[in-house]
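Printed here is my_file07.cif (mmCIF, C-alpha atoms):
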```
data_start
loop_
_atom_site.group_PDB
_atom_site.id
_atom_site.type_symbol
_atom_site.label_atom_id
_atom_site.label_comp_id
_atom_site.auth_asym_id
_atom_site.auth_seq_id
_atom_site.Cartn_x
_atom_site.Cartn_y
_atom_site.Cartn_z
ATOM 1 C CA MET A 1 0.000 0.000 0.000
ATOM 2 C CA SER A 2 1.276 3.429 -0.910
ATOM 3 C CA LEU A 3 2.051 5.897 1.838
ATOM 4 C CA HIS A 4 0.913 8.749 -0.371
ATOM 5 C CA SER A 5 -2.493 10.100 0.411
ATOM 6 C CA LEU A 6 -5.112 10.431 -2.282
ATOM 7 C CA LEU A 7 -4.821 14.206 -1.901
ATOM 8 C CA SER A 8 -1.091 14.217 -2.724
ATOM 9 C CA LEU A 9 -1.767 11.934 -5.696
ATOM 10 C CA ALA A 10 -4.413 14.352 -6.967
ATOM 11 C CA ARG A 11 -2.020 17.278 -6.428
ATOM 12 C CA SER A 12 0.766 15.540 -8.355
ATOM 13 C CA LEU A 13 -1.573 15.383 -11.370
ATOM 14 C CA ARG A 14 -1.679 19.203 -11.371
ATOM 15 C CA SER A 15 -4.680 21.459 -11.254
ATOM 16 C CA ALA A 16 -7.692 20.509 -13.324
ATOM 17 C CA LYS A 17 -8.329 24.228 -13.817
ATOM 18 C CA GLU A 18 -5.252 24.438 -16.056
ATOM 19 C CA CYS A 19 -6.979 22.271 -18.658
ATOM 20 C CA THR A 20 -10.233 24.205 -18.584
ATOM 21 C CA ALA A 21 -8.158 27.368 -19.012
ATOM 22 C CA GLN A 22 -6.765 25.962 -22.281
ATOM 23 C CA TRP A 23 -10.273 24.933 -23.371
ATOM 24 C CA TRP A 24 -11.522 28.463 -22.675
ATOM 25 C CA ALA A 25 -8.553 30.112 -24.382
ATOM 26 C CA GLN A 26 -9.232 28.019 -27.497
ATOM 27 C CA ARG A 27 -12.844 29.306 -27.612
ATOM 28 C CA VAL A 28 -12.082 32.934 -26.758
ATOM 29 C CA THR A 29 -9.345 33.132 -29.420
ATOM 30 C CA ALA A 30 -11.744 31.456 -31.889
ATOM 31 C CA ILE A 31 -14.383 34.134 -31.281
ATOM 32 C CA ALA A 32 -11.783 36.912 -31.611
ATOM 33 C CA LEU A 33 -10.511 35.403 -34.871
ATOM 34 C CA VAL A 34 -13.937 35.550 -36.580
ATOM 35 C CA PRO A 35 -13.964 39.374 -37.069
ATOM 36 C CA LEU A 36 -10.148 39.601 -37.366
ATOM 37 C CA THR A 37 -10.022 37.016 -40.169
ATOM 38 C CA LEU A 38 -12.961 38.550 -42.049
ATOM 39 C CA TRP A 39 -11.251 41.963 -41.793
ATOM 40 C CA PHE A 40 -8.003 40.497 -43.157
ATOM 41 C CA VAL A 41 -9.696 38.738 -46.112
ATOM 42 C CA ALA A 42 -11.574 41.961 -46.951
ATOM 43 C CA SER A 43 -8.274 43.898 -46.730
ATOM 44 C CA LEU A 44 -6.567 41.395 -49.029
ATOM 45 C CA LEU A 45 -9.350 41.847 -51.572
ATOM 46 C CA PHE A 46 -9.845 45.603 -51.386
ATOM 47 C CA CYS A 47 -6.441 47.006 -50.325
ATOM 48 C CA LEU A 48 -3.705 44.525 -51.185
ATOM 49 C CA ILE A 49 -4.496 42.728 -54.452
ATOM 50 C CA GLY A 50 -2.275 44.218 -57.130
ATOM 51 C CA ALA A 51 -0.805 46.726 -54.638
ATOM 52 C CA ASP A 52 2.837 47.720 -55.170
ATOM 53 C CA TYR A 53 5.494 48.091 -52.451
ATOM 54 C CA THR A 54 4.697 51.728 -51.550
ATOM 55 C CA THR A 55 0.930 51.112 -51.284
ATOM 56 C CA THR A 56 1.458 47.980 -49.155
ATOM 57 C CA ILE A 57 3.853 49.773 -46.776
ATOM 58 C CA ALA A 58 1.442 52.724 -46.481
ATOM 59 C CA TRP A 59 -1.402 50.317 -45.665
ATOM 60 C CA ILE A 60 0.560 48.421 -42.979
ATOM 61 C CA SER A 61 1.844 51.707 -41.462
ATOM 62 C CA THR A 62 -1.681 52.962 -40.711
ATOM 63 C CA PRO A 63 -2.035 52.702 -36.882
ATOM 64 C CA ALA A 64 -5.388 50.868 -37.030
ATOM 65 C CA THR A 65 -4.038 48.368 -39.582
ATOM 66 C CA ALA A 66 -0.827 47.750 -37.642
ATOM 67 C CA ILE A 67 -2.724 47.105 -34.402
ATOM 68 C CA LEU A 68 -5.253 44.803 -36.086
ATOM 69 C CA LEU A 69 -2.453 42.910 -37.898
ATOM 70 C CA ILE A 70 -0.525 42.397 -34.640
ATOM 71 C CA LEU A 71 -3.743 41.223 -32.947
ATOM 72 C CA LEU A 72 -4.553 38.887 -35.858
ATOM 73 C CA LEU A 73 -1.100 37.294 -35.843
ATOM 74 C CA THR A 74 -0.656 36.906 -32.079
ATOM 75 C CA VAL A 75 -4.178 35.499 -31.586
ATOM 76 C CA THR A 76 -3.724 33.207 -34.624
ATOM 77 C CA PHE A 77 -0.488 31.711 -33.285
ATOM 78 C CA TYR A 78 -1.982 31.283 -29.805
ATOM 79 C CA HIS A 79 -5.024 29.520 -31.326
ATOM 80 C CA SER A 80 -2.803 27.389 -33.629
ATOM 81 C CA GLN A 81 -0.591 26.278 -30.751
ATOM 82 C CA LEU A 82 -3.602 25.237 -28.643
ATOM 83 C CA GLY A 83 -5.201 23.402 -31.583
ATOM 84 C CA LEU A 84 -2.043 21.564 -32.637
ATOM 85 C CA GLN A 85 -1.409 20.584 -29.006
ATOM 86 C CA VAL A 86 -4.815 18.837 -28.846
ATOM 87 C CA VAL A 87 -4.088 16.976 -32.110
ATOM 88 C CA LEU A 88 -0.633 15.894 -30.871
ATOM 89 C CA GLU A 89 -2.053 14.774 -27.504
ATOM 90 C CA ASP A 90 -4.618 12.619 -29.316
ATOM 91 C CA TYR A 91 -2.381 10.935 -31.872
ATOM 92 C CA ILE A 92 1.103 10.635 -30.359
ATOM 93 C CA HIS A 93 1.157 7.833 -27.817
ATOM 94 C CA ASN A 94 4.863 7.919 -26.926
ATOM 95 C CA GLU A 95 5.005 10.194 -23.870
ATOM 96 C CA GLY A 96 8.484 11.628 -24.540
ATOM 97 C CA LEU A 97 7.773 12.307 -28.207
ATOM 98 C CA LYS A 98 4.430 13.878 -27.268
ATOM 99 C CA ILE A 99 6.008 16.346 -24.806
ATOM 100 C CA ALA A 100 8.853 17.138 -27.218
ATOM 101 C CA SER A 101 6.505 17.790 -30.159
ATOM 102 C CA ILE A 102 4.202 19.992 -28.059
ATOM 103 C CA TRP A 103 7.165 22.102 -26.954
ATOM 104 C CA PHE A 104 8.443 22.255 -30.540
ATOM 105 C CA VAL A 105 5.057 23.620 -31.674
ATOM 106 C CA LYS A 106 4.963 26.081 -28.753
ATOM 107 C CA CYS A 107 8.437 27.438 -29.519
ATOM 108 C CA THR A 108 7.801 27.606 -33.287
ATOM 109 C CA CYS A 109 4.550 29.530 -32.802
ATOM 110 C CA LEU A 110 6.274 31.901 -30.370
ATOM 111 C CA VAL A 111 9.172 32.577 -32.769
ATOM 112 C CA LEU A 112 6.845 33.073 -35.765
ATOM 113 C CA GLY A 113 4.585 35.390 -33.764
ATOM 114 C CA LEU A 114 7.538 37.463 -32.546
ATOM 115 C CA ALA A 115 8.998 37.631 -36.080
ATOM 116 C CA ALA A 116 5.687 38.873 -37.485
ATOM 117 C CA VAL A 117 5.290 41.527 -34.761
ATOM 118 C CA PHE A 118 8.908 42.612 -35.302
ATOM 119 C CA GLY A 119 8.280 42.955 -39.048
ATOM 120 C CA ILE A 120 5.130 45.033 -38.561
ATOM 121 C CA LEU A 121 6.805 47.334 -35.985
ATOM 122 C CA LYS A 122 9.814 47.797 -38.286
ATOM 123 C CA ILE A 123 7.519 48.906 -41.117
ATOM 124 C CA VAL A 124 5.550 51.236 -38.822
ATOM 125 C CA LEU A 125 8.651 52.867 -37.303
ATOM 126 C CA GLN A 126 10.382 53.369 -40.658
ATOM 127 C CA GLY A 127 7.192 54.873 -42.077
ATOM 128 C CA MET B 1 -4.086 -9.129 -17.202
ATOM 129 C CA SER B 2 -6.495 -11.352 -19.093
ATOM 130 C CA THR B 3 -8.644 -9.421 -21.488
ATOM 131 C CA GLY B 4 -10.740 -12.338 -22.672
ATOM 132 C CA LYS B 5 -13.025 -11.784 -25.614
ATOM 133 C CA ARG B 6 -14.176 -8.289 -24.810
ATOM 134 C CA PRO B 7 -16.066 -6.432 -27.530
ATOM 135 C CA LEU B 8 -13.806 -3.904 -29.253
ATOM 136 C CA SER B 9 -14.852 -0.424 -30.261
ATOM 137 C CA PRO B 10 -14.927 0.005 -34.048
ATOM 138 C CA HIS B 11 -11.709 1.398 -35.470
ATOM 139 C CA LEU B 12 -11.611 4.253 -37.944
ATOM 140 C CA GLN B 13 -10.607 1.913 -40.799
ATOM 141 C CA VAL B 14 -13.750 -0.212 -40.560
ATOM 142 C CA TYR B 15 -16.141 2.605 -39.716
ATOM 143 C CA ARG B 16 -18.400 3.852 -42.519
ATOM 144 C CA PRO B 17 -17.552 7.523 -43.209
ATOM 145 C CA GLN B 18 -20.375 9.783 -42.087
ATOM 146 C CA ILE B 19 -20.751 13.534 -42.544
ATOM 147 C CA THR B 20 -20.213 14.048 -38.801
ATOM 148 C CA SER B 21 -16.912 12.150 -38.624
ATOM 149 C CA VAL B 22 -15.587 13.387 -41.981
ATOM 150 C CA LEU B 23 -16.243 17.056 -41.105
ATOM 151 C CA SER B 24 -14.635 16.556 -37.686
ATOM 152 C CA ILE B 25 -11.450 15.206 -39.298
ATOM 153 C CA LEU B 26 -11.528 18.002 -41.899
ATOM 154 C CA HIS B 27 -11.690 20.591 -39.102
ATOM 155 C CA ARG B 28 -8.392 19.354 -37.690
ATOM 156 C CA LEU B 29 -6.847 18.951 -41.134
ATOM 157 C CA THR B 30 -7.759 22.500 -42.217
ATOM 158 C CA GLY B 31 -6.432 23.786 -38.877
ATOM 159 C CA ILE B 32 -3.056 22.212 -39.684
ATOM 160 C CA VAL B 33 -3.177 23.575 -43.264
ATOM 161 C CA LEU B 34 -3.920 27.095 -41.970
ATOM 162 C CA THR B 35 -1.024 26.911 -39.511
ATOM 163 C CA ILE B 36 1.318 26.000 -42.377
ATOM 164 C CA GLY B 37 -0.215 28.896 -44.353
ATOM 165 C CA THR B 38 0.789 31.370 -41.631
ATOM 166 C CA LEU B 39 4.425 30.658 -42.616
ATOM 167 C CA HIS B 40 3.772 32.488 -45.889
ATOM 168 C CA LEU B 41 2.009 35.344 -44.103
ATOM 169 C CA VAL B 42 5.008 35.843 -41.806
ATOM 170 C CA TYR B 43 7.369 35.590 -44.801
ATOM 171 C CA TRP B 44 5.296 38.200 -46.665
ATOM 172 C CA ILE B 45 5.452 40.640 -43.694
ATOM 173 C CA LEU B 46 9.206 40.140 -43.226
ATOM 174 C CA ALA B 47 9.704 40.588 -46.997
ATOM 175 C CA ALA B 48 7.800 43.892 -46.856
ATOM 176 C CA ALA B 49 9.868 44.937 -43.806
ATOM 177 C CA GLY B 50 13.059 44.042 -45.687
ATOM 178 C CA GLY B 51 12.529 46.600 -48.447
ATOM 179 C CA ALA B 52 11.267 46.916 -52.036
ATOM 180 C CA GLU B 53 13.505 44.175 -53.488
ATOM 181 C CA THR B 54 12.606 41.382 -51.045
ATOM 182 C CA PHE B 55 8.950 42.452 -51.265
ATOM 183 C CA VAL B 56 8.949 41.994 -55.058
ATOM 184 C CA THR B 57 10.545 38.527 -54.663
ATOM 185 C CA ALA B 58 7.738 37.508 -52.285
ATOM 186 C CA GLN B 59 5.111 39.033 -54.583
ATOM 187 C CA VAL B 60 6.435 37.139 -57.632
ATOM 188 C CA PHE B 61 6.047 33.855 -55.736
ATOM 189 C CA THR B 62 2.564 34.778 -54.449
ATOM 190 C CA VAL B 63 1.165 35.460 -57.935
ATOM 191 C CA SER B 64 2.923 32.451 -59.576
ATOM 192 C CA TRP B 65 0.724 29.449 -60.416
ATOM 193 C CA LEU B 66 2.073 27.566 -57.380
ATOM 194 C CA GLY B 67 1.467 30.611 -55.159
ATOM 195 C CA ARG B 68 -2.091 30.951 -56.454
ATOM 196 C CA LEU B 69 -2.749 27.222 -55.971
ATOM 197 C CA LEU B 70 -1.528 27.435 -52.353
ATOM 198 C CA LEU B 71 -3.544 30.625 -51.826
ATOM 199 C CA PHE B 72 -6.653 28.883 -53.199
ATOM 200 C CA ALA B 73 -6.137 25.893 -50.862
ATOM 201 C CA TRP B 74 -5.627 28.364 -48.010
ATOM 202 C CA THR B 75 -8.908 30.152 -48.883
ATOM 203 C CA VAL B 76 -10.869 26.862 -48.882
ATOM 204 C CA ALA B 77 -9.274 25.794 -45.574
ATOM 205 C CA LEU B 78 -9.939 29.226 -44.045
ATOM 206 C CA PHE B 79 -13.629 29.421 -44.947
ATOM 207 C CA TYR B 80 -14.179 25.786 -43.931
ATOM 208 C CA HIS B 81 -12.430 26.190 -40.555
ATOM 209 C CA LEU B 82 -14.210 29.532 -39.985
ATOM 210 C CA THR B 83 -17.762 28.327 -40.707
ATOM 211 C CA ASN B 84 -17.284 24.921 -39.051
ATOM 212 C CA GLY B 85 -15.641 26.711 -36.109
ATOM 213 C CA ILE B 86 -18.810 28.779 -35.660
ATOM 214 C CA ARG B 87 -20.769 25.475 -35.749
ATOM 215 C CA HIS B 88 -18.482 24.182 -32.964
ATOM 216 C CA LEU B 89 -18.996 27.367 -30.917
ATOM 217 C CA LEU B 90 -22.795 26.938 -31.216
ATOM 218 C CA TRP B 91 -22.433 23.367 -29.913
ATOM 219 C CA ASP B 92 -20.337 24.680 -27.014
ATOM 220 C CA ALA B 93 -23.250 26.992 -26.213
ATOM 221 C CA GLY B 94 -25.501 23.907 -26.175
ATOM 222 C CA LEU B 95 -27.262 24.667 -29.465
ATOM 223 C CA GLY B 96 -28.036 22.389 -32.423
ATOM 224 C CA PHE B 97 -27.294 19.007 -30.875
ATOM 225 C CA GLU B 98 -30.216 17.121 -32.503
ATOM 226 C CA LEU B 99 -28.986 14.657 -35.124
ATOM 227 C CA HIS B 100 -30.902 16.301 -37.998
ATOM 228 C CA GLN B 101 -29.508 19.722 -36.970
ATOM 229 C CA VAL B 102 -25.960 18.341 -36.899
ATOM 230 C CA THR B 103 -26.381 16.884 -40.406
ATOM 231 C CA LEU B 104 -28.070 20.024 -41.743
ATOM 232 C CA GLY B 105 -25.367 22.264 -40.208
ATOM 233 C CA GLY B 106 -22.690 20.059 -41.757
ATOM 234 C CA TRP B 107 -24.088 20.456 -45.267
ATOM 235 C CA GLY B 108 -24.560 24.180 -44.570
ATOM 236 C CA VAL B 109 -20.853 24.477 -43.711
ATOM 237 C CA LEU B 110 -19.846 22.714 -46.956
ATOM 238 C CA ILE B 111 -22.119 24.923 -49.080
ATOM 239 C CA ALA B 112 -20.983 28.101 -47.263
ATOM 240 C CA THR B 113 -17.331 27.132 -47.792
ATOM 241 C CA GLY B 114 -17.912 26.713 -51.537
ATOM 242 C CA VAL B 115 -19.914 29.926 -51.918
ATOM 243 C CA LEU B 116 -17.537 32.096 -49.842
ATOM 244 C CA THR B 117 -14.440 30.737 -51.638
ATOM 245 C CA LEU B 118 -16.050 31.354 -55.034
ATOM 246 C CA LEU B 119 -17.161 34.884 -54.046
ATOM 247 C CA ALA B 120 -13.707 35.777 -52.686
ATOM 248 C CA TRP B 121 -11.916 34.609 -55.858
ATOM 249 C CA LEU B 122 -14.471 36.194 -58.183
ATOM 250 C CA ALA B 123 -14.094 39.466 -56.243
ATOM 251 C CA GLY B 124 -10.315 39.117 -56.343
ATOM 252 C CA TYR B 125 -10.150 38.590 -60.084
ATOM 253 C CA GLY B 126 -12.873 41.202 -60.670
ATOM 254 C CA LEU B 127 -10.949 43.859 -58.720
ATOM 255 C CA ILE B 128 -7.680 43.385 -60.591
ATOM 256 C CA GLY B 129 -9.421 42.960 -63.927
ATOM 257 C CA GLY B 130 -8.327 39.479 -64.958
ATOM 258 C CA GLY B 131 -4.937 39.170 -63.256
ATOM 259 C CA PRO B 132 -1.591 40.975 -63.405
#
```
Can I see the file as structure tokens?
Amino acid sequence: MSLHSLLSLARSLRSAKECTAQWWAQRVTAIALVPLTLWFVASLLFCLIGADYTTTIAWISTPATAILLILLLTVTFYHSQLGLQVVLEDYIHNEGLKIASIWFVKCTCLVLGLAAVFGILKIVLQG
Amino acid sequence: MSTGKRPLSPHLQVYRPQITSVLSILHRLTGIVLTIGTLHLVYWILAAAGGAETFVTAQVFTVSWLGRLLLFAWTVALFYHLTNGIRHLLWDAGLGFELHQVTLGGWGVLIATGVLTLLAWLAGYGLIGGGP
């Protein structure tokens, strides 16, 4: 018989609230992405198709555009990371590989998100 | 541990494809496709940040036949994931759980994906007058 109490066993499995937090974050980012994505598709169609370098830079440099683009990209990568994590958890049965792949996705999404924000800020600050 | 002759749950390979299961798999698949698509979006932003020359390089790829094919696949994946995502959010709110509603919503998502993709590409080609 184990000397550990049931309480310590439950504690070692971490808080159940952590998982519901991820579930909620997935839904909240999904709702935020509905208007953001529609805005981006409309912008592609009406502002960016056939636009040259100067027009594109002018469009990105607009404060409202820059803020919405940063929001779109950060929320997208957050949502992607959460979604890919669920897929990996379901299909990878080797525990070590599962943890490694989840962290790989987390780091990749973080780097891509930071790179995108850096690019947008560079365009805004250079005018 | 002896497992005996317990009944097994049907595996995916022997399960008749149904609109519910197929759309569920497509939701995950399009999610993965969209994540891969963000690579091009980030590349496009960094190319624009890099100056006129790198921007033109990115633009040449985007309007090439391969670029357009990828962009078309991205559009289909986006509208599918968007409309089916709204269907998922309605389920989370406890709406539309009856079997006929689930089937009807599924077909609605497929039709909406087709219509929205077609409209977006018609608008795109209409606005640039037949392509650059």
Residues at most 12 Å from Leu38 in chain A, counting all atoms listed in the file, excluding those fewer than 3 positions away in the same chain, as a ChimeraX atom specification? /A:31-35,41-45,68,72 /B:75,78-79,82-83,116,120
Expansion of the PyMOL selection byres ((chain B) within 7 of (chain A)) into residues, as a list in words: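 In the shown coordinates, the PyMOL selection byres ((chain B) within 7 of (chain A)) covers Thr35, Val42, Ile45, Leu46, Ala49, Ala52, Phe55, Leu82, Gly124 and Ile128 of chain B.
In this model, the gap between CA of Gly37 in chain B and CA of Val76 in chain B comes to 11.8 Å.
The gap separating CA of Leu89 in chain B from CA of Gly106 in chain B is 13.6 Å, in Å to one decimal.
Reported to one decimal place, the separation of CA of Thr62 in chain B from CA of Trp44 in chain B is 8.9 Å.
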Report the centre and edge lengths, in Å to one decimal, of an axis-aligned box enclosing every atom of range 91-107 of chain A listed in the file, padded by 3 Å on each side, as lines of an AutoDock Vina configuration file.
```
center_x = 3.2
center_y = 17.6
center_z = -27.9
size_x = 17.2
size_y = 25.6
size_z = 14.0
```
Distance query Phe72 in chain B at most 10 Å, all atoms listed in the file, self and fewer than 4 positions along chain excluded, as a ChimeraX atom specification: /B:66-68,76-78,117-118,120-121
Report as a list in words all protein, DNA and RNA residues lying within 10 Å of range 18-23 of chain B, evaluated on all atoms listed in the file, omitting residues in the same chain fewer than 6 positions from it. Leu12, Leu29, Tyr80, His81, Asn84, Leu99, Val102, Thr103, Leu104, Gly105, Gly106, Trp107, Val109 and Leu110 of chain B
Determine the residue set returned by the PyMOL selection byres ((chain A and resi 101-105) around 8) for the present structure, and present it as an MDAnalysis selection string. chainID A and resid 81 84:85 88 97:100 106:109
When you count all atoms listed in the file, which of these residues is closest to Leu41 in chain B: A:Leu69, A:Leu125, A:Leu82, A:Val75?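 Looking only at the distances to Leu41 in chain B, the closest residue turns out to be A:Leu69.
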